[in-house]
Structure formats: C-alpha cells, structure tokens
$ cat final05.txt   # compact mmCIF, C-alpha atoms and all ligand atoms
# COMPACT_ATOMS: atom_id res chain seq x y z
CA MET A 98 22.60 81.26 129.20
CA ASP A 99 23.01 79.08 126.12
CA ILE A 100 22.61 81.05 122.92
CA SER A 101 20.33 78.38 121.41
CA TYR A 102 18.11 78.68 124.46
CA ILE A 103 17.98 82.48 124.21
CA LEU A 104 17.02 82.40 120.54
CA ASN A 105 14.52 79.54 120.64
CA GLU A 106 12.89 79.56 124.06
CA PHE A 107 13.89 82.30 126.47
CA ALA A 108 11.22 84.93 127.30
CA GLU A 109 8.52 83.07 125.39
CA GLU A 110 5.51 82.08 127.46
CA ARG A 111 3.77 79.82 124.99
CA ALA A 112 1.16 78.58 127.44
CA HIS A 113 -0.29 82.11 127.28
CA TYR A 114 -0.94 81.83 123.57
CA PHE A 115 -2.18 78.34 122.79
CA ASN A 116 1.37 76.89 122.81
CA ALA A 117 2.00 78.48 119.44
CA VAL A 118 5.66 78.14 118.42
CA SER A 119 5.69 81.59 116.88
CA PRO A 120 4.55 84.32 119.27
CA PRO A 121 1.50 86.44 118.42
CA ILE A 122 1.81 90.01 117.23
CA MET A 123 0.04 91.96 119.97
CA GLN A 124 -1.23 94.64 117.67
CA THR A 125 -2.75 96.78 120.39
CA SER A 126 -2.12 100.32 121.54
CA ASN A 127 -3.47 99.97 125.09
CA PHE A 128 -4.24 97.52 127.89
CA VAL A 129 -7.32 97.19 130.11
CA PHE A 130 -7.39 97.39 133.95
CA ASN A 131 -10.01 95.89 136.23
CA THR A 132 -9.36 97.97 139.31
CA VAL A 133 -8.36 101.55 139.95
CA ASP A 134 -5.54 100.30 142.13
CA GLU A 135 -4.04 98.26 139.25
CA MET A 136 -4.26 101.31 137.03
CA ARG A 137 -2.64 103.49 139.67
CA LYS A 138 0.26 101.03 139.99
CA ALA A 139 0.71 101.02 136.23
CA PHE A 140 0.88 104.83 136.08
CA ALA A 141 3.47 104.79 138.82
CA ASP A 142 5.69 102.21 137.11
CA GLU A 143 5.12 102.05 133.38
CA TYR A 144 8.60 100.52 132.96
CA SER A 145 7.27 97.30 134.53
CA VAL A 146 3.62 97.13 133.44
CA PHE A 147 1.66 96.89 130.18
CA LEU A 148 -0.25 100.17 130.02
CA TYR A 149 0.26 101.65 126.56
CA SER A 150 2.30 100.28 123.64
CA ARG A 151 4.52 103.35 123.33
CA GLY A 152 6.05 101.92 126.48
CA LYS A 153 5.72 98.17 126.87
CA ASN A 154 4.08 95.65 124.56
CA PRO A 155 4.10 91.84 124.97
CA THR A 156 5.59 91.08 121.54
CA THR A 157 8.26 93.74 121.93
CA GLU A 158 8.94 92.39 125.42
CA ILE A 159 9.92 88.95 124.10
CA LEU A 160 12.39 90.57 121.73
CA ARG A 161 13.67 92.92 124.39
CA ARG A 162 14.49 90.18 126.88
CA LYS A 163 16.19 88.04 124.23
CA LEU A 164 18.33 90.94 123.02
CA ALA A 165 19.39 91.93 126.55
CA ALA A 166 20.39 88.31 127.23
CA LEU A 167 22.44 88.22 124.02
CA ASP A 168 24.27 91.37 125.09
CA GLY A 169 24.85 89.95 128.57
CA ALA A 170 23.10 93.06 129.89
CA GLU A 171 20.63 93.55 132.72
CA ASP A 172 18.15 95.11 130.32
CA CYS A 173 17.74 96.75 126.95
CA LEU A 174 15.32 98.98 125.09
CA VAL A 175 14.22 98.26 121.54
CA PHE A 176 13.77 101.26 119.26
CA GLY A 177 12.22 101.85 115.86
CA SER A 178 15.72 102.30 114.38
CA GLY A 179 19.38 102.19 115.30
CA ALA A 180 19.53 105.96 114.94
CA ALA A 181 16.85 106.33 117.65
CA ALA A 182 18.94 104.15 119.99
CA ILE A 183 21.99 106.34 119.31
CA PHE A 184 20.00 109.51 120.00
CA ALA A 185 18.56 108.23 123.31
CA SER A 186 21.87 106.85 124.55
CA VAL A 187 23.66 110.18 124.13
CA PHE A 188 20.83 112.55 125.11
CA ALA A 189 20.26 110.66 128.33
CA ASN A 190 23.85 111.27 129.39
CA VAL A 191 24.59 114.91 128.56
CA LYS A 192 23.43 118.26 129.87
CA SER A 193 24.05 121.79 128.69
CA GLY A 194 27.76 122.65 128.89
CA ASP A 195 28.96 119.05 128.63
CA HIS A 196 31.62 117.71 126.31
CA ILE A 197 31.74 114.45 124.34
CA VAL A 198 34.75 112.57 123.04
CA SER A 199 33.81 110.61 119.92
CA VAL A 200 35.84 108.43 117.61
CA ASN A 201 36.42 109.81 114.11
CA LYS A 202 33.81 109.11 111.45
CA PRO A 203 31.05 107.60 113.56
CA TYR A 204 27.84 106.52 111.81
CA THR A 205 26.50 109.40 109.64
CA TRP A 206 23.50 110.26 111.81
CA ALA A 207 25.46 110.04 115.05
CA GLN A 208 27.85 112.58 113.60
CA ARG A 209 24.93 114.79 112.51
CA MET A 210 23.65 114.74 116.09
CA PHE A 211 27.07 115.71 117.44
CA ASP A 212 27.65 118.42 114.81
CA VAL A 213 24.20 119.96 114.36
CA ILE A 214 21.78 119.08 117.16
CA LEU A 215 23.87 118.94 120.35
CA PRO A 216 25.65 122.30 119.79
CA LYS A 217 22.17 123.92 119.99
CA PHE A 218 22.12 122.82 123.62
CA GLY A 219 25.71 123.83 124.38
CA VAL A 220 27.15 120.33 124.11
CA SER A 221 30.40 120.09 122.13
CA THR A 222 32.20 117.10 120.64
CA THR A 223 35.88 116.38 120.03
CA TYR A 224 36.66 113.72 117.42
CA ILE A 225 39.74 111.60 117.91
CA ASP A 226 41.57 108.71 116.30
CA GLY A 227 40.36 105.99 118.66
CA ARG A 228 43.04 103.51 117.63
CA ASP A 229 45.38 104.94 120.27
CA ILE A 230 44.29 105.18 123.91
CA VAL A 231 46.55 108.22 124.37
CA ASN A 232 44.18 110.21 122.16
CA PHE A 233 41.35 109.58 124.60
CA GLU A 234 43.49 110.66 127.55
CA ARG A 235 44.42 113.89 125.76
CA ALA A 236 40.86 114.74 124.67
CA ILE A 237 39.12 114.32 128.03
CA LEU A 238 38.14 117.64 129.64
CA PRO A 239 36.75 118.32 133.12
CA ASN A 240 33.24 118.53 131.58
CA THR A 241 33.49 115.37 129.44
CA SER A 242 30.45 113.23 130.23
CA VAL A 243 30.35 110.75 127.33
CA ILE A 244 32.87 108.75 125.31
CA TYR A 245 31.28 107.56 122.08
CA LEU A 246 32.80 104.53 120.34
CA GLU A 247 32.17 102.55 117.18
CA SER A 248 34.29 99.43 117.00
CA PRO A 249 34.86 98.28 114.38
CA ASN A 250 33.83 101.26 112.25
CA SER A 251 31.58 100.09 109.42
CA TRP A 252 33.73 101.57 106.61
CA ASP A 253 37.40 101.42 107.60
CA PHE A 254 36.92 99.01 110.54
CA ALA A 255 39.06 101.11 112.91
CA LEU A 256 38.95 99.53 116.38
CA GLN A 257 39.28 100.82 119.89
CA ASP A 258 40.76 98.83 122.77
CA LEU A 259 37.47 98.53 124.63
CA LYS A 260 38.87 97.35 127.96
CA ALA A 261 41.42 100.15 128.05
CA VAL A 262 38.83 102.82 127.15
CA ALA A 263 36.36 101.45 129.72
CA GLU A 264 39.01 101.52 132.44
CA LEU A 265 40.03 105.08 131.61
CA ALA A 266 36.41 106.29 131.48
CA LYS A 267 35.54 104.64 134.79
CA SER A 268 38.45 106.34 136.52
CA GLU A 269 37.13 109.70 135.23
CA GLY A 270 33.42 109.02 135.86
CA ILE A 271 32.58 109.19 132.15
CA VAL A 272 29.82 107.11 130.51
CA THR A 273 30.97 104.92 127.61
CA ILE A 274 28.68 104.17 124.67
CA ILE A 275 29.55 101.87 121.77
CA ASP A 276 27.92 101.30 118.41
CA ASN A 277 28.36 97.51 118.14
CA SER A 278 26.45 97.14 114.87
CA TYR A 279 29.31 95.61 112.90
CA CYS A 280 29.73 92.58 115.16
CA THR A 281 26.34 92.00 116.76
CA PRO A 282 26.52 90.63 120.33
CA LEU A 283 27.29 87.21 118.84
CA TYR A 284 30.75 88.34 117.80
CA GLN A 285 31.51 91.03 120.39
CA LYS A 286 30.14 91.68 123.87
CA PRO A 287 31.23 95.19 124.90
CA ILE A 288 29.37 95.17 128.22
CA GLU A 289 31.51 92.24 129.38
CA MET A 290 34.55 94.37 128.53
CA GLY A 291 33.35 97.15 130.83
CA ILE A 292 31.52 99.44 128.37
CA ASP A 293 28.40 101.01 129.95
CA LEU A 294 26.02 101.13 127.01
CA SER A 295 26.09 98.95 123.91
CA LEU A 296 23.84 99.77 120.98
CA GLN A 297 23.29 98.25 117.59
CA THR A 298 21.04 98.66 114.63
CA ALA A 299 18.70 95.66 114.42
CA THR A 300 17.97 96.60 110.81
CA LYS A 301 21.10 94.81 109.68
CA TYR A 302 21.98 91.29 110.96
CA ILE A 303 19.21 90.91 113.55
CA SER A 304 16.52 91.36 110.90
CA GLY A 305 18.61 89.67 108.24
CA HIS A 306 15.94 90.05 105.55
CA SER A 307 16.00 93.76 104.65
CA ASP A 308 12.36 94.12 105.59
CA THR A 309 12.29 96.19 108.80
CA LEU A 310 14.21 98.76 110.80
CA GLY A 311 15.05 98.48 114.48
CA GLY A 312 17.60 99.47 117.11
CA VAL A 313 18.78 98.12 120.45
CA LEU A 314 20.32 99.83 123.45
CA SER A 315 21.61 97.65 126.30
CA GLY A 316 22.96 98.48 129.73
CA SER A 317 22.23 98.41 133.43
CA LYS A 318 18.64 98.18 134.63
CA ALA A 319 18.98 101.56 136.36
CA MET A 320 20.13 103.25 133.15
CA MET A 321 17.47 101.55 131.01
CA GLU A 322 14.73 102.54 133.42
CA ARG A 323 15.94 106.13 133.42
CA ILE A 324 16.07 106.25 129.60
CA PHE A 325 12.68 104.53 129.34
CA ASN A 326 11.09 107.20 131.54
CA SER A 327 12.64 110.09 129.60
CA GLU A 328 13.96 109.84 126.02
CA PHE A 329 12.24 106.58 125.10
CA MET A 330 8.75 107.65 126.20
CA THR A 331 8.93 111.34 125.25
CA VAL A 332 10.29 110.80 121.75
CA GLY A 333 8.04 107.78 121.27
CA SER A 334 10.78 105.96 119.40
CA GLY A 335 9.98 102.39 120.48
CA ILE A 336 9.58 99.65 117.90
CA ALA A 337 6.13 98.63 116.60
CA PRO A 338 4.89 95.12 117.52
CA PHE A 339 4.92 93.85 113.94
CA ASN A 340 8.51 94.95 113.42
CA ALA A 341 9.45 93.40 116.75
CA TRP A 342 7.93 90.13 115.56
CA LEU A 343 10.00 90.27 112.36
CA LEU A 344 13.12 90.73 114.47
CA ILE A 345 12.23 87.76 116.70
CA ARG A 346 11.94 85.74 113.51
CA GLY A 347 15.31 87.07 112.34
CA LEU A 348 16.94 86.06 115.62
CA ARG A 349 16.03 82.40 115.11
CA THR A 350 18.47 82.10 112.22
CA LEU A 351 21.09 84.66 113.27
CA PRO A 352 23.92 82.22 114.14
CA ALA A 353 23.34 80.14 111.00
CA ARG A 354 23.35 83.25 108.82
CA LEU A 355 26.48 84.65 110.42
CA ASP A 356 28.29 81.30 109.98
CA ARG A 357 27.37 81.16 106.33
CA ILE A 358 28.29 84.80 105.72
CA THR A 359 31.62 84.38 107.52
CA ALA A 360 32.56 81.41 105.33
CA SER A 361 31.47 83.15 102.11
CA THR A 362 33.28 86.35 103.02
CA ALA A 363 36.56 84.44 103.37
CA GLN A 364 36.14 83.15 99.80
CA VAL A 365 35.19 86.54 98.34
CA LEU A 366 38.08 88.17 100.22
CA ALA A 367 40.56 85.59 98.84
CA PHE A 368 39.32 86.33 95.32
CA LEU A 369 39.63 90.10 95.77
CA LYS A 370 43.12 89.89 97.30
CA GLN A 371 44.57 88.16 94.26
CA HIS A 372 42.75 90.25 91.63
CA PRO A 373 45.00 92.59 89.62
CA ARG A 374 42.35 95.36 89.75
CA VAL A 375 42.39 95.38 93.58
CA GLU A 376 45.01 97.59 95.21
CA SER A 377 44.22 96.61 98.81
CA VAL A 378 41.53 95.14 101.04
CA LEU A 379 40.35 96.13 104.49
CA PHE A 380 38.86 93.46 106.70
CA PRO A 381 39.47 93.36 110.47
CA LEU A 382 40.18 89.63 110.60
CA ASP A 383 42.54 89.60 107.63
CA GLU A 384 46.23 89.30 108.54
CA SER A 385 47.02 92.40 106.51
CA PHE A 386 44.71 94.54 108.66
CA PRO A 387 46.71 97.11 110.70
CA GLN A 388 44.85 96.26 113.94
CA TYR A 389 44.65 92.53 113.27
CA GLU A 390 45.98 91.54 116.73
CA LEU A 391 43.40 93.66 118.57
CA ALA A 392 40.65 92.46 116.22
CA LYS A 393 41.55 88.82 116.98
CA LYS A 394 41.41 89.59 120.69
CA GLN A 395 38.10 91.49 120.68
CA LEU A 396 36.01 89.94 117.89
CA LYS A 397 34.77 86.40 117.62
CA GLY A 398 34.00 86.94 113.94
CA GLY A 399 33.99 89.52 111.20
CA CYS A 400 30.82 88.78 109.22
CA GLY A 401 30.29 90.10 105.74
CA LEU A 402 31.41 93.74 105.51
CA LEU A 403 34.69 94.50 103.80
CA THR A 404 36.18 97.40 101.88
CA PHE A 405 38.51 97.25 98.90
CA THR A 406 40.44 99.89 97.02
CA MET A 407 40.30 99.58 93.28
CA LYS A 408 43.02 100.34 90.76
CA ALA A 409 41.38 102.69 88.28
CA ASP A 410 42.40 105.46 85.91
CA ASN A 411 39.24 107.52 86.29
CA ILE A 412 35.95 107.70 88.17
CA ARG A 413 34.00 106.31 85.22
CA GLN A 414 35.78 102.94 85.51
CA ILE A 415 34.62 102.60 89.11
CA GLU A 416 31.08 103.67 88.24
CA LYS A 417 31.01 101.22 85.33
CA PHE A 418 32.23 98.37 87.54
CA CYS A 419 29.32 98.94 89.93
CA GLU A 420 26.79 99.32 87.15
CA ASP A 421 28.05 96.14 85.42
CA LEU A 422 27.41 93.97 88.48
CA GLN A 423 24.50 91.69 87.62
CA HIS A 424 23.62 90.24 91.03
CA ILE A 425 25.29 92.36 93.69
CA PHE A 426 22.94 95.28 94.24
CA MET A 427 24.08 98.87 94.59
CA ALA A 428 22.32 99.97 97.78
CA VAL A 429 22.94 101.22 101.30
CA SER A 430 22.60 99.06 104.41
CA TRP A 431 23.83 95.50 104.94
CA GLY A 432 23.07 92.45 107.06
CA GLY A 433 20.30 91.12 104.80
CA HIS A 434 20.22 88.07 102.53
CA GLU A 435 21.37 90.07 99.52
CA SER A 436 24.90 91.18 98.70
CA LEU A 437 25.41 94.91 98.32
CA ILE A 438 28.01 97.40 97.20
CA ILE A 439 28.55 101.11 97.82
CA PRO A 440 31.33 102.96 96.00
CA LYS A 441 32.84 105.78 98.07
CA CYS A 442 32.61 107.96 94.97
CA SER A 443 28.80 107.89 95.18
CA GLY A 444 29.17 110.31 98.11
CA ILE A 445 31.63 112.58 96.25
CA GLN A 446 30.72 115.20 93.64
CA PRO A 447 32.50 114.30 90.37
CA GLU A 448 34.42 117.62 90.39
CA ASP A 449 35.80 116.80 93.86
CA PHE A 450 36.87 113.27 92.92
CA ASP A 451 40.64 112.72 93.08
CA ILE A 452 41.88 109.53 91.45
CA ALA A 453 45.19 109.87 93.33
CA ASN A 454 43.36 109.59 96.66
CA PRO A 455 42.97 105.88 97.48
CA GLU A 456 39.99 106.61 99.74
CA HIS A 457 38.06 107.90 96.72
CA ARG A 458 38.64 104.54 95.03
CA MET A 459 37.20 102.52 97.92
CA LEU A 460 34.15 100.29 97.60
CA ARG A 461 32.35 98.70 100.50
CA LEU A 462 31.05 95.24 99.80
CA TYR A 463 28.55 93.34 101.91
CA VAL A 464 28.57 89.59 101.36
CA GLY A 465 25.09 88.14 101.82
CA LEU A 466 23.67 84.65 101.77
CA GLU A 467 24.13 83.83 98.10
CA ASP A 468 26.52 81.11 96.97
CA PRO A 469 30.04 82.57 97.20
CA GLY A 470 30.91 81.27 93.70
CA TYR A 471 27.95 83.19 92.30
CA LEU A 472 29.26 86.40 93.91
CA VAL A 473 32.85 85.84 92.77
CA ASN A 474 31.65 85.28 89.21
CA ASP A 475 29.66 88.49 89.34
CA LEU A 476 32.63 90.51 90.59
CA SER A 477 34.91 88.82 88.07
CA GLN A 478 32.75 89.65 85.03
CA ALA A 479 32.41 93.28 86.15
CA PHE A 480 36.20 93.57 86.58
CA ASP A 481 36.67 92.09 83.10
CA LYS A 482 34.47 94.79 81.58
CA MET A 483 36.54 97.60 83.10
C1 LIG B 501 22.76 101.30 109.87
C2 LIG B 501 23.63 101.71 110.99
C3 LIG B 501 23.13 102.45 112.06
C4 LIG B 501 21.72 103.02 112.10
O1 LIG B 501 20.76 102.06 112.15
P1 LIG B 501 19.29 102.32 111.55
O2 LIG B 501 18.57 101.11 111.98
O3 LIG B 501 19.48 102.43 110.07
O4 LIG B 501 18.78 103.57 112.12
C5 LIG B 501 23.97 102.76 113.10
N1 LIG B 501 25.26 102.37 113.10
C6 LIG B 501 25.78 101.65 112.08
C7 LIG B 501 27.20 101.27 112.14
C8 LIG B 501 24.99 101.31 110.99
O5 LIG B 501 25.52 100.63 109.97
$ encode --input "final05.txt" --output "structure tokens" --more "lines below"
Ligand SMILES: *Cc1c(COP(=O)(O)O)cnc(C)c1O
Amino acid sequence: MDISYILNEFAEERAHYFNAVSPPIMQTSNFVFNTVDEMRKAFADEYSVFLYSRGKNPTTEILRRKLAALDGAEDCLVFGSGAAAIFASVFANVKSGDHIVSVNKPYTWAQRMFDVILPKFGVSTTYIDGRDIVNFERAILPNTSVIYLESPNSWDFALQDLKAVAELAKSEGIVTIIDNSYCTPLYQKPIEMGIDLSLQTATKYISGHSDTLGGVLSGSKAMMERIFNSEFMTVGSGIAPFNAWLLIRGLRTLPARLDRITASTAQVLAFLKQHPRVESVLFPLDESFPQYELAKKQLKGGCGLLTFTMKADNIRQIEKFCEDLQHIFMAVSWGGHESLIIPKCSGIQPEDFDIANPEHRMLRLYVGLEDPGYLVNDLSQAFDKM
C-alpha cells in the first residue's frame, strides 16, 4: 500500500460522516443494539464489533488500521501510552517461571517492569549487550519465552541485527518484541525482518505536536486478538477517541516532518562535530558510529535524536550550558515540533557525578522543526558562555 494512501485515505469511510475530510471524534462510551441477537454476537466477539469504547471505537479504529498498515502488520492495538503497549506485549507472552532476555538499558519503564513487577510473578530477566548475536545465544535458557529488543536505543543508539535475532528466536520458539520508537515504521519495519511484535510510542513522532500520549503494538491478527481479549481489555489501557483523533492528524504530516527533521539534524550534527567543546557525537547514521554499517542496512533514516559528549571541567559548566540555551527547551520526550535537550547529569546526584566519565558528560539533543540555523545559533551562544 502506498504510504500517501495510508495516511490520507485508507480506513476512512467519509460517506458515513457527511464526506468530512477530517473524521469525527466519536466521543461515546457505548453503542446501541436493535436486536438481542446483535448484542449476543457483540458479546461473543468484542474484538470485531463496536460494543463499548474500552474495546473498539470508530475514531480509534481509523487510527488503528492506518498504524497496522504502516507497520506492514496484520493488525495493531492502540494504547493510551507507549508504556501501556510495552506492558501488554510482555505480559501477554510470559507466565510464572518464565525467563526474558532483554537488551541492556531498555526504556526506563520497560526496565522497571522487568526489575520490579515481573519478579513478583516469578519471571526473571537477563540483560545483555544486544550488539552481538552471540550474547543472545548464550543468554537463552530452556524457559526463555521472550526476547525484548530496542533498536536503536534512544540514548546510545545501540542496534541489534533484527534478522539474525528473529531467526534465532524462531528456531527456539521464543517471541520477539521490539521497541521501534526511535525510527517509527517509516524508517524501520521490524515485522518485515521477522520480529513478532513491534511497538512504538505514538507520543513522539506520530503525534508530532507534544499534545497527547499514545502507544502502538503491531503483530499477527491472532496475537492482537489474544491481547485484546486479555491485557488490553482488563487493564483498560486503550487510547481515548480525542487522543486518537490527534494522532490521525499527526499522521497526515509525518513524512514531511521526518524529512525536515532529517535534513536539519544533518546540519546540527555537522556543527556539533566541528565544535571544540564537543568531544564526540553519537548518531546511528553518522560514519563515525560504531554500528554504522548495520544502521545503514536496517534504517531508512535517523530522524532527530542524537547524543553528544561535552568537554567540560566540572558539572556546573554542563548545567550552565543547558540553562543558557534560549530556544532549545530542557525537557523529556521528543518527536514534537520543539527542540529539546536532556543532560545525562540531570539523572545523577551531584555527589555521584564523575567528570572523568564521558557518559556523565553526555547530552541528548532532539532536533525539532525549527530552522536549523536558529538551533545552531542557540547552541553556539550557549557554548560561548561556558
Ligand atoms: C517515550 C518512550 C516510550 C514510552 O512511551 P510513552 O508514550 O511515553 O508511554 C517507550 N520507548 C521509548 C524509546 C520512548 O522514548
């Protein structure tokens, strides 16, 4: 299916709503039946019928079908947040006594689930360096039921060879799950590479405007139906119709935004690489990146997230740099119109900060939709004040 068709037409039945270009927000909790038989059928198959908006809702349905098509998946479920998609994907595929192999440093709340929640149910997790397939082979146990991936990682951009991991997991009967938030399905399609379940936060690039949260989980119809009838419905973590509508709106401009961000990021990266205050940069599609060859093979683009290590004599210089930025906001998240920065040291207590540790001097920059010259000037003036 053509991507322009998916984003502009697919799954929209305009004749049902006065041929409006923008779909209505079906702000309803429930749906009416005319016969007992219709109601009976709906109870028996809520996955297919509009019964109650915790399950299916017409606005959410438009978004859901578009997102599944983008992922090249049979189906997807749309959640109220990316974290909810992570939770459902893993919980649906483990039972007491199981073991998970996860890449190092997955998204914060995925790691919290592995470290704090799952051990309560007797599920253990082994973290590995996913850059080498051998580490997966070594970590798999007879009771391993899930391999959890995040490629690229959203801080250090570590990649996994998705085809190789998928092949290994299939031979062992293990379910593979990937957090594909960094790339979006526009720049990486894990399901086509053999991964079972691909999830992403929709809060970031899909929304694109920093005004809603959302999450997507894509996979086979059988798996989606099973998750719908258990984790999705029991936790009640589906997205609200209004937020789904915002995400449909975000999708319209997704390719244009990613193009713009990709071009701007190249300019900001070039500026950072030559700046005397910058020790090194990390960006998966930069030639200096340790896994550049794999990144070129797996990703169609790199978007706007990059990390740089600053040359500094003390923590205060890094703090001052961030505070001196006039236009780049200091905030979590990314994928919106606005450029953002997070210094690693904001997550480190000052007494634990070690200037000799390059990781402590890292800053993650998200390049948004502003003019790249405007961003370079902002970075430049803050460097000058150091
Ligand atoms: C933000 C993020 C998530 C979580 O998404 P929410 O919508 O905030 O719940 C998951 N993975 C990655 C890599 C993220 O950046």
$ residues_around --input "final05.txt" --residues "Leu391 of chain A" --least-positions-apart "3" --cutoff "8 Å" --atoms "all atoms listed in the file" --output "ChimeraX atom specification"
/A:256,258,388,394-395
$ axis_aligned_box --input "final05.txt" --around "ligand LIG 501 (chain B)" --padding-each-side "4 Å" --output "JSON"
{"center_x": 22.9, "center_y": 102.1, "center_z": 111.5, "size_x": 16.6, "size_y": 10.9, "size_z": 11.2}
$ residues_near_ligand --input "final05.txt" --ligand "ligand LIG 501 (chain B)" --cutoff "6 Å" --atoms "only C-alpha atoms and all ligand atoms" --output "list in words"
Ser178, Gly179, Ala180, Tyr204, Ser251, Ser278, Thr298, Ala299, Thr300, Leu310, Gly311, Gly312 and Ser430 of chain A
$ atom_distance --input "final05.txt" --atom1 "atom CA of Arg111 of chain A" --atom2 "atom CA of Asp168 of chain A"
23.5 Å
$ atom_distance --input "final05.txt" --atom1 "atom CA of Ser315 of chain A" --atom2 "atom CA of Tyr102 of chain A"
19.4 Å
$ closest_residue --input "final05.txt" --among "A:Met427, A:Leu460, A:Met136, A:Cys442" --to "Ser377 of chain A" --atoms "only C-alpha atoms"
A:Leu460
$ atom_distance --input "final05.txt" --atom1 "atom CA of Thr362 of chain A" --atom2 "atom CA of Ser304 of chain A"
19.2 Å
$ closest_residue --input "final05.txt" --among "A:Pro387, A:Phe418, A:Ser436, A:Gly465" --to "Arg357 of chain A" --atoms "only C-alpha atoms"
A:Gly465
$ residues_around --input "final05.txt" --residues "Gly291 of chain A" --least-positions-apart "2" --cutoff "10 Å" --atoms "only C-alpha atoms" --output "JSON, numbers by chain"
{"A": [259, 260, 261, 262, 263, 264, 266, 267, 273, 286, 287, 288, 289, 293, 294]}
$ closest_residue --input "final05.txt" --among "A:Pro381, A:Gly169, A:Gly470, A:Pro239" --to "Gly401 of chain A" --atoms "only C-alpha atoms"
A:Pro381
$ closest_residue --input "final05.txt" --among "A:Ile303, A:Leu366, A:Leu174, A:Ala479" --to "Phe405 of chain A" --atoms "only C-alpha atoms"
A:Leu366
$ closest_residue --input "final05.txt" --among "A:Ile214, A:Leu343, A:Met290, A:Val429" --to "Pro121 of chain A" --atoms "all atoms listed in the file"
A:Leu343
$ closest_residue --input "final05.txt" --among "A:Ile230, A:Asn340, A:Val365, A:Gly398" --to "Thr281 of chain A" --atoms "all atoms listed in the file"
A:Gly398
$ residues_around --input "final05.txt" --residues "Glu158 of chain A" --least-positions-apart "6" --cutoff "9 Å" --atoms "only C-alpha atoms" --output "PyMOL selection string"
chain A and resi 108+175+341
$ build_atoms --input "final05.txt" --residues "segment 308-332 of chain A" --atoms "N, CA and C atoms" --output "tab-separated table (two decimals), in the frame of the given file"
chain	number	residue	atom	x	y	z
A	308	ASP	N	13.78	93.81	105.64
A	308	ASP	CA	12.36	94.12	105.59
A	308	ASP	C	11.85	94.91	106.79
A	309	THR	N	12.73	95.33	107.70
A	309	THR	CA	12.29	96.19	108.80
A	309	THR	C	13.48	96.96	109.35
A	310	LEU	N	13.18	98.05	110.05
A	310	LEU	CA	14.21	98.76	110.80
A	310	LEU	C	14.05	98.46	112.28
A	311	GLY	N	15.11	98.66	113.03
A	311	GLY	CA	15.05	98.48	114.48
A	311	GLY	C	16.37	98.86	115.10
A	312	GLY	N	16.36	99.12	116.40
A	312	GLY	CA	17.60	99.47	117.11
A	312	GLY	C	17.54	98.97	118.53
A	313	VAL	N	18.70	98.68	119.11
A	313	VAL	CA	18.78	98.12	120.45
A	313	VAL	C	19.77	98.92	121.28
A	314	LEU	N	19.40	99.19	122.52
A	314	LEU	CA	20.32	99.83	123.45
A	314	LEU	C	20.32	99.01	124.73
A	315	SER	N	21.50	98.51	125.13
A	315	SER	CA	21.61	97.65	126.30
A	315	SER	C	22.49	98.28	127.37
A	316	GLY	N	22.15	97.97	128.62
A	316	GLY	CA	22.96	98.48	129.73
A	316	GLY	C	22.39	98.03	131.06
A	317	SER	N	22.72	98.77	132.10
A	317	SER	CA	22.23	98.41	133.43
A	317	SER	C	20.72	98.68	133.52
A	318	LYS	N	20.08	97.99	134.45
A	318	LYS	CA	18.64	98.18	134.63
A	318	LYS	C	18.35	99.63	135.03
A	319	ALA	N	19.20	100.18	135.90
A	319	ALA	CA	18.98	101.56	136.36
A	319	ALA	C	19.02	102.53	135.19
A	320	MET	N	20.00	102.35	134.31
A	320	MET	CA	20.13	103.25	133.15
A	320	MET	C	18.97	103.06	132.18
A	321	MET	N	18.56	101.81	131.96
A	321	MET	CA	17.47	101.55	131.01
A	321	MET	C	16.16	102.13	131.55
A	322	GLU	N	15.96	102.01	132.84
A	322	GLU	CA	14.73	102.54	133.42
A	322	GLU	C	14.70	104.06	133.29
A	323	ARG	N	15.86	104.67	133.53
A	323	ARG	CA	15.94	106.13	133.42
A	323	ARG	C	15.67	106.58	131.98
A	324	ILE	N	16.26	105.86	131.01
A	324	ILE	CA	16.07	106.25	129.60
A	324	ILE	C	14.62	105.97	129.17
A	325	PHE	N	14.08	104.86	129.65
A	325	PHE	CA	12.68	104.53	129.34
A	325	PHE	C	11.76	105.68	129.76
A	326	ASN	N	11.98	106.17	130.99
A	326	ASN	CA	11.09	107.20	131.54
A	326	ASN	C	11.37	108.61	131.01
A	327	SER	N	12.40	108.76	130.19
A	327	SER	CA	12.64	110.09	129.60
A	327	SER	C	12.66	110.01	128.08
A	328	GLU	N	13.83	109.78	127.50
A	328	GLU	CA	13.96	109.84	126.02
A	328	GLU	C	13.06	108.85	125.30
A	329	PHE	N	13.00	107.63	125.80
A	329	PHE	CA	12.24	106.58	125.10
A	329	PHE	C	10.76	106.94	125.02
A	330	MET	N	10.18	107.35	126.17
A	330	MET	CA	8.75	107.65	126.20
A	330	MET	C	8.42	109.01	125.58
A	331	THR	N	9.29	110.01	125.77
A	331	THR	CA	8.93	111.34	125.25
A	331	THR	C	9.08	111.40	123.74
A	332	VAL	N	10.13	110.78	123.21
A	332	VAL	CA	10.29	110.80	121.75
A	332	VAL	C	9.34	109.80	121.09
